[in-house]
$ cat protein28.txt   # compact mmCIF, C-alpha atoms and all ligand atoms
# COMPACT_ATOMS: atom_id res chain seq x y z
CA MET A 143 0.00 0.00 0.00
CA GLU A 144 1.18 3.51 -0.76
CA LYS A 145 1.92 5.80 2.14
CA THR A 146 -1.01 8.02 3.12
CA VAL A 147 -0.06 11.64 3.78
CA VAL A 148 -3.63 12.81 4.29
CA PRO A 149 -6.37 10.32 5.28
CA TYR A 150 -9.90 11.03 4.03
CA GLY A 151 -11.17 11.20 7.60
CA ARG A 152 -9.84 10.72 11.07
CA GLN A 153 -11.38 10.67 14.55
CA ALA A 154 -10.02 12.95 17.28
CA VAL A 155 -9.62 11.52 20.77
CA THR A 156 -8.45 13.85 23.56
CA ASP A 157 -7.14 13.29 27.08
CA ALA A 158 -10.55 14.39 28.36
CA ASP A 159 -12.15 11.56 26.31
CA ILE A 160 -9.67 9.04 27.69
CA ASN A 161 -10.31 10.22 31.26
CA ALA A 162 -14.07 9.94 30.77
CA VAL A 163 -13.73 6.32 29.58
CA THR A 164 -11.27 5.45 32.36
CA GLU A 165 -13.72 6.79 34.92
CA VAL A 166 -16.36 4.34 33.70
CA LEU A 167 -13.88 1.48 33.82
CA ARG A 168 -13.22 2.28 37.49
CA SER A 169 -16.93 2.65 38.30
CA ASP A 170 -19.65 0.16 39.26
CA TYR A 171 -21.25 0.02 35.80
CA LEU A 172 -19.73 -0.91 32.47
CA THR A 173 -23.19 -1.04 30.91
CA GLN A 174 -26.71 0.11 31.88
CA GLY A 175 -25.21 2.72 34.19
CA PRO A 176 -25.52 6.52 34.20
CA ALA A 177 -23.37 7.33 31.12
CA VAL A 178 -25.90 6.09 28.53
CA PRO A 179 -28.85 8.24 29.74
CA ALA A 180 -26.48 11.22 30.13
CA PHE A 181 -25.32 10.79 26.50
CA GLU A 182 -28.94 10.42 25.31
CA GLN A 183 -29.93 13.59 27.16
CA ALA A 184 -26.98 15.56 25.76
CA VAL A 185 -27.78 14.65 22.13
CA ALA A 186 -31.55 15.18 22.59
CA ASP A 187 -30.92 18.63 24.17
CA TYR A 188 -28.44 19.63 21.47
CA CYS A 189 -30.88 18.70 18.69
CA GLY A 190 -34.08 19.83 20.34
CA ALA A 191 -35.73 16.39 20.47
CA ALA A 192 -37.84 15.16 23.36
CA TYR A 193 -36.59 11.55 23.34
CA ALA A 194 -33.37 9.75 22.41
CA VAL A 195 -32.60 6.02 22.48
CA ALA A 196 -28.91 5.06 22.31
CA THR A 197 -27.96 1.89 20.42
CA ASN A 198 -24.76 0.02 19.59
CA SER A 199 -24.83 1.34 15.98
CA ALA A 200 -26.86 3.44 13.57
CA THR A 201 -27.66 0.19 11.77
CA SER A 202 -29.39 -1.11 14.94
CA ALA A 203 -31.16 2.23 15.39
CA LEU A 204 -32.49 2.11 11.80
CA HIS A 205 -33.74 -1.45 12.39
CA ILE A 206 -35.69 -0.67 15.57
CA ALA A 207 -36.94 2.61 14.06
CA CYS A 208 -38.47 0.64 11.15
CA LEU A 209 -39.98 -1.92 13.52
CA ALA A 210 -41.40 0.77 15.81
CA LEU A 211 -43.16 2.28 12.77
CA GLY A 212 -44.69 -1.11 12.04
CA LEU A 213 -42.71 -1.93 8.88
CA GLY A 214 -43.12 -5.60 7.99
CA GLU A 215 -43.80 -8.17 5.31
CA GLY A 216 -45.71 -6.86 2.32
CA ASP A 217 -44.57 -3.28 2.98
CA TRP A 218 -42.24 -1.10 0.94
CA LEU A 219 -39.36 1.00 2.20
CA TRP A 220 -37.87 3.64 -0.08
CA THR A 221 -34.50 5.26 0.43
CA SER A 222 -31.66 6.97 -1.39
CA PRO A 223 -29.38 4.90 -3.66
CA ASN A 224 -26.55 7.29 -2.67
CA SER A 225 -25.93 5.89 0.80
CA PHE A 226 -24.27 3.22 2.83
CA VAL A 227 -26.04 -0.13 2.50
CA ALA A 228 -27.41 0.09 6.07
CA SER A 229 -30.00 2.69 4.95
CA ALA A 230 -31.66 -0.01 2.83
CA ASN A 231 -30.84 -3.20 4.74
CA CYS A 232 -33.04 -2.16 7.68
CA GLY A 233 -36.08 -2.64 5.43
CA LEU A 234 -35.02 -6.17 4.47
CA TYR A 235 -34.41 -7.05 8.17
CA CYS A 236 -38.12 -6.34 8.73
CA GLY A 237 -39.21 -8.52 5.79
CA ALA A 238 -40.21 -5.46 3.72
CA GLN A 239 -39.19 -4.79 0.13
CA VAL A 240 -36.84 -1.97 -0.73
CA ASP A 241 -36.86 0.49 -3.60
CA PHE A 242 -34.80 3.58 -4.42
CA VAL A 243 -35.56 7.19 -5.32
CA ASP A 244 -33.22 9.19 -7.57
CA ILE A 245 -31.02 11.96 -6.20
CA GLU A 246 -30.35 15.64 -6.93
CA LEU A 247 -27.13 15.87 -8.91
CA GLU A 248 -26.01 19.08 -7.20
CA THR A 249 -26.43 17.89 -3.57
CA GLY A 250 -26.31 14.07 -3.74
CA ASN A 251 -29.52 14.03 -1.67
CA LEU A 252 -32.74 12.13 -2.34
CA SER A 253 -34.79 14.33 -4.69
CA ALA A 254 -38.20 15.41 -3.40
CA GLU A 255 -39.26 15.92 -7.02
CA ALA A 256 -38.33 12.35 -7.99
CA LEU A 257 -40.08 11.15 -4.84
CA ALA A 258 -43.28 12.97 -5.85
CA GLN A 259 -43.23 11.39 -9.32
CA GLN A 260 -42.54 7.93 -7.95
CA CYS A 261 -45.38 8.26 -5.41
CA GLU A 262 -47.83 9.19 -8.17
CA ILE A 263 -46.95 6.02 -10.11
CA ALA A 264 -46.88 3.84 -6.99
CA GLN A 265 -50.32 5.07 -5.98
CA ARG A 266 -51.76 3.92 -9.31
CA GLU A 267 -50.06 0.55 -8.87
CA GLY A 268 -51.06 0.22 -5.21
CA ARG A 269 -47.55 -0.09 -3.84
CA LEU A 270 -46.92 3.13 -1.94
CA PRO A 271 -44.14 2.94 0.65
CA LYS A 272 -44.86 2.63 4.37
CA VAL A 273 -41.53 4.21 5.32
CA VAL A 274 -39.22 6.60 3.42
CA ILE A 275 -35.64 7.13 4.62
CA PRO A 276 -34.06 10.31 3.27
CA VAL A 277 -30.29 10.36 3.84
CA HIS A 278 -28.66 13.71 4.66
CA PHE A 279 -25.73 13.15 2.34
CA ALA A 280 -22.33 14.55 3.36
CA GLY A 281 -24.02 16.43 6.23
CA GLN A 282 -26.61 18.52 4.35
CA SER A 283 -30.27 18.00 5.20
CA CYS A 284 -32.60 16.85 2.44
CA ASP A 285 -35.56 19.07 1.51
CA MET A 286 -37.48 17.83 4.55
CA ALA A 287 -40.47 20.20 4.29
CA ALA A 288 -41.22 18.90 0.78
CA ILE A 289 -40.65 15.26 1.75
CA HIS A 290 -42.85 15.69 4.83
CA ALA A 291 -45.64 17.20 2.71
CA LEU A 292 -45.49 14.11 0.45
CA GLY A 293 -45.60 11.91 3.56
CA GLN A 294 -48.80 13.65 4.64
CA ARG A 295 -50.32 13.30 1.18
CA TYR A 296 -49.39 9.66 0.53
CA GLY A 297 -49.38 8.37 4.11
CA PHE A 298 -45.79 7.22 4.61
CA ALA A 299 -43.67 7.60 7.76
CA ILE A 300 -40.23 9.24 7.61
CA ILE A 301 -36.94 8.21 9.22
CA GLU A 302 -34.08 10.67 8.63
CA ASP A 303 -30.78 8.82 8.22
CA ALA A 304 -28.65 11.62 9.66
CA SER A 305 -25.55 9.48 10.16
CA HIS A 306 -23.57 12.26 8.42
CA ALA A 307 -25.46 15.26 9.71
CA LEU A 308 -25.10 15.62 13.49
CA GLY A 309 -24.55 19.37 13.96
CA GLY A 310 -26.21 20.33 10.67
CA CYS A 311 -29.19 22.71 10.49
CA TYR A 312 -32.35 22.85 8.41
CA HIS A 313 -34.20 26.18 8.45
CA ASP A 314 -33.92 27.39 12.03
CA GLN A 315 -33.59 23.95 13.62
CA ARG A 316 -30.90 21.39 14.20
CA VAL A 317 -31.06 18.12 12.31
CA GLY A 318 -32.54 15.70 14.85
CA ALA A 319 -35.35 18.03 15.94
CA CYS A 320 -37.71 15.75 13.95
CA ARG A 321 -39.89 18.66 12.87
CA TYR A 322 -40.53 16.97 9.52
CA SER A 323 -40.03 13.31 10.41
CA ASP A 324 -41.01 10.60 12.87
CA ILE A 325 -37.50 9.54 13.84
CA THR A 326 -33.93 10.74 13.17
CA VAL A 327 -30.95 8.37 13.39
CA PHE A 328 -27.30 9.29 14.06
CA SER A 329 -24.11 7.20 13.84
CA PHE A 330 -21.08 7.48 16.12
CA HIS A 331 -18.74 5.31 14.04
CA PRO A 332 -15.19 6.78 14.12
CA VAL A 333 -15.46 8.37 10.66
CA LYS A 334 -18.60 10.33 11.63
CA MET A 335 -18.98 13.76 13.28
CA ILE A 336 -18.30 12.48 16.80
CA THR A 337 -17.55 8.93 17.87
CA SER A 338 -18.31 6.49 20.67
CA GLY A 339 -16.19 3.77 19.01
CA GLU A 340 -19.31 2.12 17.67
CA GLY A 341 -22.73 3.54 18.45
CA GLY A 342 -25.91 5.12 17.21
CA MET A 343 -28.98 6.94 18.44
CA ALA A 344 -32.63 7.34 17.45
CA LEU A 345 -34.34 10.64 18.27
CA THR A 346 -38.06 11.37 18.22
CA GLN A 347 -40.69 13.78 19.53
CA ASP A 348 -43.18 10.90 19.91
CA GLU A 349 -43.30 9.27 23.33
CA SER A 350 -44.85 6.01 22.18
CA LEU A 351 -42.28 5.56 19.37
CA ALA A 352 -39.52 6.19 21.93
CA GLN A 353 -41.02 3.59 24.27
CA ARG A 354 -41.29 1.01 21.51
CA MET A 355 -37.70 1.58 20.37
CA ARG A 356 -36.37 1.39 23.94
CA CYS A 357 -38.16 -1.92 24.42
CA LEU A 358 -36.95 -3.39 21.08
CA MET A 359 -33.39 -2.22 21.81
CA SER A 360 -33.22 -4.53 24.86
CA HIS A 361 -34.83 -7.92 24.05
CA GLY A 362 -38.41 -6.58 23.90
CA ILE A 363 -38.40 -6.55 27.68
CA THR A 364 -40.21 -3.96 29.79
CA ARG A 365 -40.02 -3.16 33.49
CA ASP A 366 -42.78 -0.55 33.24
CA PRO A 367 -46.00 -1.94 34.84
CA SER A 368 -48.14 0.18 32.49
CA GLU A 369 -46.77 -1.83 29.52
CA MET A 370 -47.38 -5.25 31.15
CA THR A 371 -50.31 -7.61 31.08
CA GLY A 372 -51.61 -8.99 34.39
CA PRO A 373 -50.52 -8.24 37.96
CA VAL A 374 -46.94 -7.34 38.94
CA PRO A 375 -45.87 -9.85 41.63
CA GLY A 376 -42.77 -7.96 42.83
CA GLN A 377 -39.84 -5.73 42.09
CA TRP A 378 -37.85 -8.48 40.35
CA TYR A 379 -40.52 -8.76 37.70
CA TYR A 380 -40.22 -7.93 34.00
CA GLN A 381 -42.07 -9.05 30.92
CA GLN A 382 -41.04 -9.74 27.37
CA VAL A 383 -43.75 -8.08 25.29
CA ALA A 384 -42.07 -8.08 21.84
CA LEU A 385 -39.27 -9.88 20.04
CA GLY A 386 -36.40 -7.47 20.59
CA PHE A 387 -32.62 -7.54 20.35
CA ASN A 388 -29.57 -6.72 22.39
CA TYR A 389 -28.74 -3.44 20.66
CA ARG A 390 -27.63 -1.67 23.86
CA LEU A 391 -24.78 0.81 23.93
CA SER A 392 -22.33 0.24 26.81
CA ASP A 393 -21.42 2.94 29.33
CA ILE A 394 -17.82 2.74 28.15
CA HIS A 395 -18.88 3.80 24.66
CA ALA A 396 -21.43 6.33 25.92
CA ALA A 397 -18.80 8.07 28.08
CA LEU A 398 -16.62 8.56 25.00
CA GLY A 399 -19.56 9.88 22.99
CA LEU A 400 -20.68 12.22 25.76
CA SER A 401 -17.17 13.60 26.18
CA GLN A 402 -16.96 14.21 22.41
CA MET A 403 -20.31 16.08 22.40
CA ALA A 404 -18.54 18.95 24.18
CA ARG A 405 -16.49 19.56 21.00
CA LEU A 406 -19.20 18.98 18.38
CA SER A 407 -19.96 22.66 17.70
CA ASP A 408 -16.26 23.37 17.35
CA TYR A 409 -15.88 20.45 14.91
CA VAL A 410 -18.80 21.64 12.77
CA GLU A 411 -17.25 25.11 12.70
CA ARG A 412 -13.84 23.83 11.64
CA ARG A 413 -15.24 21.50 8.98
CA ASN A 414 -17.20 24.43 7.54
CA GLU A 415 -14.02 26.53 7.50
CA TRP A 416 -12.09 23.83 5.61
CA ALA A 417 -15.01 23.44 3.19
CA ALA A 418 -14.92 27.19 2.50
CA GLN A 419 -11.16 26.98 1.91
CA TYR A 420 -11.65 24.09 -0.54
CA HIS A 421 -14.32 26.08 -2.31
CA ASP A 422 -12.04 29.11 -2.77
CA ALA A 423 -8.97 27.05 -3.68
CA LEU A 424 -10.91 25.07 -6.31
CA GLN A 425 -12.16 28.28 -7.91
CA ALA A 426 -8.52 29.28 -8.25
CA LEU A 427 -7.95 26.14 -10.36
CA PRO A 428 -10.39 26.94 -13.19
CA LEU A 429 -8.81 24.45 -15.59
CA LEU A 430 -9.95 21.53 -13.41
CA PRO A 431 -13.56 20.48 -14.07
CA LEU A 432 -14.22 20.03 -10.34
CA SER A 433 -17.61 21.07 -9.04
CA PRO A 434 -18.26 20.93 -5.27
CA LEU A 435 -21.67 19.83 -4.05
CA SER A 436 -23.80 22.88 -3.41
CA VAL A 437 -25.41 23.67 -0.07
CA LYS A 438 -28.90 25.09 -0.46
CA PRO A 439 -30.21 28.20 1.33
CA GLU A 440 -31.68 27.70 4.81
CA ARG A 441 -29.34 24.78 5.43
CA ARG A 442 -26.06 24.36 7.22
CA SER A 443 -24.05 21.26 6.37
CA SER A 444 -22.06 19.55 9.09
CA TYR A 445 -19.58 18.74 6.29
CA HIS A 446 -19.08 15.13 7.29
CA LEU A 447 -17.72 14.77 3.73
CA TYR A 448 -16.34 17.16 1.13
CA VAL A 449 -17.43 15.78 -2.24
CA VAL A 450 -16.60 17.18 -5.67
CA ARG A 451 -17.91 16.07 -9.04
CA ILE A 452 -15.46 15.66 -11.92
CA VAL A 453 -17.96 17.15 -14.36
CA GLY A 454 -18.35 15.04 -17.48
CA ALA A 455 -16.10 12.23 -16.24
CA ASP A 456 -16.69 8.57 -16.99
CA LEU A 457 -15.80 5.77 -14.57
CA GLU A 458 -12.40 5.34 -16.22
CA LYS A 459 -11.37 8.97 -15.81
CA ARG A 460 -12.59 9.11 -12.23
CA SER A 461 -10.67 5.96 -11.30
CA ASP A 462 -7.56 7.30 -13.06
CA TRP A 463 -7.69 10.52 -11.01
CA PHE A 464 -8.46 8.50 -7.90
CA LYS A 465 -5.34 6.41 -8.54
CA GLN A 466 -3.14 9.45 -9.21
CA LEU A 467 -4.25 11.10 -5.95
CA ARG A 468 -3.84 7.93 -3.87
CA ALA A 469 -0.34 7.53 -5.36
CA GLN A 470 0.42 11.01 -3.94
CA GLY A 471 -0.75 9.84 -0.50
CA ILE A 472 -4.05 11.73 -0.68
CA GLY A 473 -6.79 9.62 0.91
CA VAL A 474 -9.57 10.30 -1.58
CA ASN A 475 -12.67 8.12 -1.51
CA VAL A 476 -15.93 7.49 -3.36
CA HIS A 477 -19.30 7.96 -1.64
CA TYR A 478 -21.28 5.94 -2.62
CA ILE A 479 -21.50 2.93 -4.90
CA PRO A 480 -25.23 2.95 -5.79
CA ILE A 481 -26.90 0.49 -3.39
CA PRO A 482 -29.06 -1.12 -6.13
CA GLN A 483 -25.79 -2.02 -7.95
CA GLN A 484 -24.68 -4.21 -5.04
CA PRO A 485 -24.87 -7.89 -6.07
CA TYR A 486 -27.20 -8.70 -3.17
CA TYR A 487 -29.71 -6.07 -4.31
CA GLN A 488 -29.37 -7.11 -7.95
CA GLN A 489 -30.15 -10.70 -6.96
CA GLN A 490 -33.21 -9.52 -5.02
CA ARG A 491 -34.49 -7.75 -8.10
CA ALA A 492 -33.79 -10.72 -10.33
CA THR A 493 -35.76 -13.10 -8.09
CA GLN A 494 -38.65 -10.63 -7.97
CA GLU A 495 -38.41 -10.14 -11.75
CA ARG A 496 -38.37 -6.37 -11.29
CA PRO A 497 -36.46 -4.19 -13.75
CA SER A 498 -33.55 -2.10 -12.48
CA PRO A 499 -34.77 1.28 -11.27
CA ASP A 500 -34.30 4.25 -13.56
CA LEU A 501 -31.91 6.49 -11.60
CA PRO A 502 -30.20 8.73 -14.18
CA ASN A 503 -28.83 11.30 -11.72
CA MET A 504 -27.40 8.62 -9.47
CA ALA A 505 -25.73 6.92 -12.44
CA ARG A 506 -24.10 10.17 -13.56
CA TYR A 507 -23.21 11.23 -10.02
CA TYR A 508 -21.45 7.90 -9.37
CA ARG A 509 -19.23 8.33 -12.45
CA GLU A 510 -18.19 11.82 -11.32
CA ALA A 511 -18.00 11.74 -7.51
CA LEU A 512 -14.78 12.06 -5.56
CA THR A 513 -14.51 12.66 -1.80
CA LEU A 514 -11.58 14.83 -0.75
CA PRO A 515 -9.98 14.52 2.73
CA LEU A 516 -11.77 16.51 5.44
CA PHE A 517 -11.65 16.14 9.19
CA ALA A 518 -11.82 18.53 12.12
CA THR A 519 -8.15 18.23 13.02
CA MET A 520 -6.84 18.58 9.45
CA THR A 521 -3.82 20.89 9.26
CA GLN A 522 -2.99 23.62 6.75
CA ARG A 523 -0.05 21.50 5.58
CA GLN A 524 -2.38 18.56 4.88
CA PHE A 525 -4.83 20.84 3.08
CA ASP A 526 -2.04 22.28 0.95
CA ALA A 527 -0.86 18.75 0.09
CA VAL A 528 -4.34 17.95 -1.24
CA MET A 529 -4.46 21.11 -3.36
CA THR A 530 -0.94 20.53 -4.71
CA ALA A 531 -1.83 16.97 -5.72
CA LEU A 532 -5.05 18.20 -7.39
CA SER A 533 -3.17 20.85 -9.35
CA GLN A 534 -0.78 18.17 -10.65
CA LEU A 535 -3.50 15.86 -12.01
CA LYS A 536 -2.85 14.69 -15.55
CA GLY A 537 -5.35 13.82 -18.27
C1 LIG B 1 -22.24 5.11 8.75
C2 LIG B 1 -23.60 5.07 8.17
C3 LIG B 1 -24.57 4.15 8.60
C4 LIG B 1 -24.27 3.03 9.54
O1 LIG B 1 -23.77 3.48 10.75
P1 LIG B 1 -23.21 2.41 11.82
O2 LIG B 1 -23.19 3.20 13.10
O3 LIG B 1 -21.84 2.05 11.35
O4 LIG B 1 -24.13 1.28 11.86
C5 LIG B 1 -25.84 4.25 8.06
N1 LIG B 1 -26.15 5.18 7.15
C6 LIG B 1 -25.24 6.06 6.70
C7 LIG B 1 -25.64 7.08 5.69
C8 LIG B 1 -23.93 6.03 7.18
O5 LIG B 1 -23.02 6.89 6.72

$ encode --input "protein28.txt" --output "C-alpha cells" --more "lines below"
Ligand SMILES: *Cc1c(COP(=O)(O)O)cnc(C)c1O
Amino acid sequence: MEKTVVPYGRQAVTDADINAVTEVLRSDYLTQGPAVPAFEQAVADYCGAAYAVATNSATSALHIACLALGLGEGDWLWTSPNSFVASANCGLYCGAQVDFVDIELETGNLSAEALAQQCEIAQREGRLPKVVIPVHFAGQSCDMAAIHALGQRYGFAIIEDASHALGGCYHDQRVGACRYSDITVFSFHPVKMITSGEGGMALTQDESLAQRMRCLMSHGITRDPSEMTGPVPGQWYYQQVALGFNYRLSDIHAALGLSQMARLSDYVERRNEWAAQYHDALQALPLLPLSPLSVKPERRSSYHLYVVRIVGADLEKRSDWFKQLRAQGIGVNVHYIPIPQQPYYQQQRATQERPSPDLPNMARYYREALTLPLFATMTQRQFDAVMTALSQLKG
C-alpha cells in the first residue's frame, strides 16, 4: 500500500475523552449505568428532540426505528441509492421490500421531485411505501419540508438517516429536531462527526415511538407496569412483550460519545471553515472540471464529507484521477457505490423479476463523484498537500 499523507477522515480523541472512559472502567457500571442516559440527554438537548434512544450502531437504530413504525412483510421501504447499504438493509431485516428514489445531482440528496413522481406512479399501482428514509448526504439536510408534505399526502412515515449530519441545520432547527419526520438516526462510528467507538442513536418527539424503540433495543423486555399484562408480583418482575434484540450501547462507549459532544460545535465550525477553503482554492484552479456539491439556502451542512464532481467524467477517468491522488498519498474516496448495484440487491431484483430502477442522476453522479480529505483536526499543511496533488493531475 502507498503511504497516506492525508487520510480522508480521522477521529479525534483527547485526554478528556480518555479520562471519561477510564472513569467508567473504574466505576460500578460498564453497561446500563448513568453514562448512557447522560449521553442520550446531551444529544436530545443539542438537537431539540424530546426523546433519544442510544444503540450500539446506527444500523441497529435504523432497524428498531423501522420496527417501531410497524414496517413488515408486504410493505415497501424507499430510500436513497446514494448511501451506505445500512439505509436499505433495515427494510429487508423487517421482511419489507426496498426500492430507491433518484437523487439531486447538485447535492447528492434524495430528490423530493423524484419522490413525488414515484409516489404518483406507486399510488396507481397500489404499492406506496410505508416508510421513506431520506439520507442527509455529506451532512446537508434533504428538503425535509417537501418530503414531509409528500408523507402527509401519501401516508408514509419518515426516518431521517442523519448518520452524516449531526450538527447540521435545516431552516432554524438542528437536524434531529424531527420537525418533519417521525425519527432521526445518528451514527457514532469513528469516521462520523463524533464517535463512541461504535454507536448510534434514534431521536423522536413521539413518546410512544420512543417507548417502543427502547423496548426493542433490549430484548423486547419492559419493566414498566403500564406496559405489562396482568398483575406485577414484585420488584424483580419484568415481561417480554415483543421480540427485541440486544442493541444496547455500553457505558464505556457512551462516556466517550458524551465527552466528544462537548467539542461537536467546534468540529462543525472547523469543517465548515475547511469546506470554504476548498471552495475558494478550487475556484482558483479553473482548468480543473471540479464542481463541489452545493449547499442550499436555509441549510447548514455539518460537512461530514467534502465531495466534488469531476464534471463530465466517466468511470475510467474518475478511477484514473483516484489512482493518481492515492499515489500522492491523498486519501480520496468514493461515496457511494449505488446500493441497487450491489450484487445482493441485484439478486433480489432478479428473483422478484423487477427491472432495475431508472436512476439517471445517481448513475451520472457515481461516475463523477470524488470525496476529498476533510476532518476537524486537518492541518494547513495537509490541506495544501491535497491542493498541490489536485493541481498536478494529468489527463
Ligand atoms: C455510517 C452510516 C450508517 C451506519 O452506521 P453504523 O453506526 O456504522 O451502523 C448508516 N447510514 C449512513 C448514511 C452512514 O453513513

$ axis_aligned_box --input "protein28.txt" --around "ligand LIG 1 (chain B)" --padding-each-side "5 Å" --output "JSON"
{"center_x": -24.0, "center_y": 4.2, "center_z": 9.4, "size_x": 14.3, "size_y": 15.8, "size_z": 17.4}

$ closest_residue --input "protein28.txt" --among "A:Tyr235, A:Tyr507, A:Phe298, A:Tyr445" --to "Leu211 (chain A)" --atoms "only C-alpha atoms"
A:Phe298

$ closest_residue --input "protein28.txt" --among "A:Asn388, A:Ser401, A:Leu257, A:Met286" --to "Ala158 (chain A)" --atoms "all atoms listed in the file"
A:Ser401

$ closest_residue --input "protein28.txt" --among "A:His205, A:Arg295, A:Arg354, A:His313" --to "ligand LIG 1 (chain B)" --atoms "all atoms listed in the file"
A:His205

$ closest_residue --input "protein28.txt" --among "A:Leu457, A:Ile481, A:Leu209, A:Leu234" --to "ligand LIG 1 (chain B)" --atoms "all atoms listed in the file"
A:Ile481

$ closest_residue --input "protein28.txt" --among "A:Tyr322, A:Tyr380, A:Phe279, A:Phe242" --to "Ala256 (chain A)" --atoms "only C-alpha atoms"
A:Phe242

$ closest_atom_pairs --input "protein28.txt" --of "chain A" --to "ligand LIG 1 (chain B)" --cutoff "9 Å" --atoms "all atoms listed in the file" --output "CSV"
residue,atom,partner,partner_atom,distance
A:Thr197,CA,B:LIG1,O2,8.8
A:Asn198,CA,B:LIG1,O2,7.4
A:Ser199,CA,B:LIG1,O2,3.8
A:Ala200,CA,B:LIG1,O2,3.7
A:Thr201,CA,B:LIG1,O4,3.7
A:Ser202,CA,B:LIG1,O4,6.5
A:Ala203,CA,B:LIG1,O4,7.9
A:Leu204,CA,B:LIG1,C5,7.9
A:Asn224,CA,B:LIG1,C7,8.4
A:Ser225,CA,B:LIG1,C7,5.0
A:Phe226,CA,B:LIG1,C6,4.9
A:Val227,CA,B:LIG1,N1,7.1
A:Ala228,CA,B:LIG1,C5,4.9
A:Ser229,CA,B:LIG1,N1,5.1
A:Ala230,CA,B:LIG1,N1,8.7
A:Val277,CA,B:LIG1,C7,6.0
A:His278,CA,B:LIG1,C7,7.4
A:Phe279,CA,B:LIG1,C7,6.9
A:Ala280,CA,B:LIG1,O5,8.4
A:Asp303,CA,B:LIG1,N1,6.0
A:Ala304,CA,B:LIG1,C7,6.7
A:Ser305,CA,B:LIG1,C8,4.8
A:His306,CA,B:LIG1,O5,5.7
A:Val327,CA,B:LIG1,C5,8.5
A:Phe328,CA,B:LIG1,O2,7.4
A:Ser329,CA,B:LIG1,O2,4.2
A:Phe330,CA,B:LIG1,O2,5.6
A:His331,CA,B:LIG1,O2,5.0
A:Pro332,CA,B:LIG1,O3,8.6
A:Val333,CA,B:LIG1,C1,7.8
A:Lys334,CA,B:LIG1,C1,7.0
A:Glu340,CA,B:LIG1,O2,6.1
A:Gly341,CA,B:LIG1,O2,5.4
A:Gly342,CA,B:LIG1,O2,5.3
A:Met343,CA,B:LIG1,O2,8.7

$ closest_atom_pairs --input "protein28.txt" --of "region 149-266 of chain A" --to "region 511-517 of chain A" --cutoff "12 Å" --atoms "only C-alpha atoms" --output "Markdown table"
| residue | atom | partner | partner_atom | distance |
| --- | --- | --- | --- | --- |
| A:Pro149 | CA | A:Pro515 | CA | 6.1 |
| A:Tyr150 | CA | A:Pro515 | CA | 3.7 |
| A:Gly151 | CA | A:Phe517 | CA | 5.2 |
| A:Arg152 | CA | A:Phe517 | CA | 6.0 |
| A:Gln153 | CA | A:Phe517 | CA | 7.7 |
| A:Ala154 | CA | A:Phe517 | CA | 8.8 |
| A:Asn224 | CA | A:Ala511 | CA | 10.8 |
| A:Leu247 | CA | A:Ala511 | CA | 10.1 |
| A:Glu248 | CA | A:Ala511 | CA | 10.9 |
| A:Thr249 | CA | A:Ala511 | CA | 11.2 |
| A:Gly250 | CA | A:Ala511 | CA | 9.4 |

$ write_last_selection --input "protein28.txt" --atoms "C-alpha atoms" --output "mmCIF file, in the coordinates of the input"
data_model
loop_
_atom_site.group_PDB
_atom_site.id
_atom_site.type_symbol
_atom_site.label_atom_id
_atom_site.label_comp_id
_atom_site.auth_asym_id
_atom_site.auth_seq_id
_atom_site.Cartn_x
_atom_site.Cartn_y
_atom_site.Cartn_z
ATOM 1 C CA PRO A 149 -6.370 10.320 5.280
ATOM 2 C CA TYR A 150 -9.900 11.030 4.030
ATOM 3 C CA GLY A 151 -11.170 11.200 7.600
ATOM 4 C CA ARG A 152 -9.840 10.720 11.070
ATOM 5 C CA GLN A 153 -11.380 10.670 14.550
ATOM 6 C CA ALA A 154 -10.020 12.950 17.280
ATOM 7 C CA ASN A 224 -26.550 7.290 -2.670
ATOM 8 C CA LEU A 247 -27.130 15.870 -8.910
ATOM 9 C CA GLU A 248 -26.010 19.080 -7.200
ATOM 10 C CA THR A 249 -26.430 17.890 -3.570
ATOM 11 C CA GLY A 250 -26.310 14.070 -3.740
#

$ residues_around --input "protein28.txt" --residues "Gln183 (chain A)" --least-positions-apart "6" --cutoff "10 Å" --atoms "only C-alpha atoms" --output "PyMOL selection string"
chain A and resi 177+189+191-196+400

$ residues_around --input "protein28.txt" --residues "region 355-364 of chain A" --least-positions-apart "4" --cutoff "6 Å" --atoms "only C-alpha atoms" --output "list in words"
Ile206, Ala210, Tyr380, Gln381, Gln382, Val383, Ala384, Leu385, Gly386, Phe387, Asn388 and Tyr389 of chain A

$ atom_distance --input "protein28.txt" --atom1 "CA of Ser392 (chain A)" --atom2 "CA of Met370 (chain A)"
26.0 Å

$ closest_residue --input "protein28.txt" --among "A:Gln239, A:Gln260, A:Thr326, A:Gln315" --to "Ala299 (chain A)" --atoms "only C-alpha atoms"
A:Thr326

$ atom_distance --input "protein28.txt" --atom1 "CA of Thr493 (chain A)" --atom2 "CA of Pro276 (chain A)"
26.1 Å

$ atom_distance --input "protein28.txt" --atom1 "CA of Ala288 (chain A)" --atom2 "CA of His446 (chain A)"
23.4 Å

$ residues_around --input "protein28.txt" --residues "region 461-474 of chain A" --least-positions-apart "2" --cutoff "12 Å" --atoms "only C-alpha atoms" --output "NGL selection string"
:A and (143-152 or 430-432 or 447-452 or 455-459 or 476-477 or 508-517 or 524-537)

$ residues_around --input "protein28.txt" --residues "Gln174 (chain A)" --least-positions-apart "5" --cutoff "9 Å" --atoms "only C-alpha atoms" --output "ChimeraX atom specification"
/A:179,390-393

$ residues_around --input "protein28.txt" --residues "Gly233 (chain A)" --least-positions-apart "4" --cutoff "8 Å" --atoms "all atoms listed in the file" --output "list in words"
His205, Cys208, Leu213, Trp218, Leu219, Gly237, Ala238, Gln239 and Val240 of chain A

$ residues_near_point --input "protein28.txt" --point "(-40.0, 14.3, 18.8)" --cutoff "10 Å" --atoms "all atoms listed in the file" --output "JSON, numbers by chain"
{"A": [186, 190, 191, 192, 193, 194, 318, 319, 320, 321, 322, 323, 324, 325, 326, 345, 346, 347, 348, 349, 351, 352]}
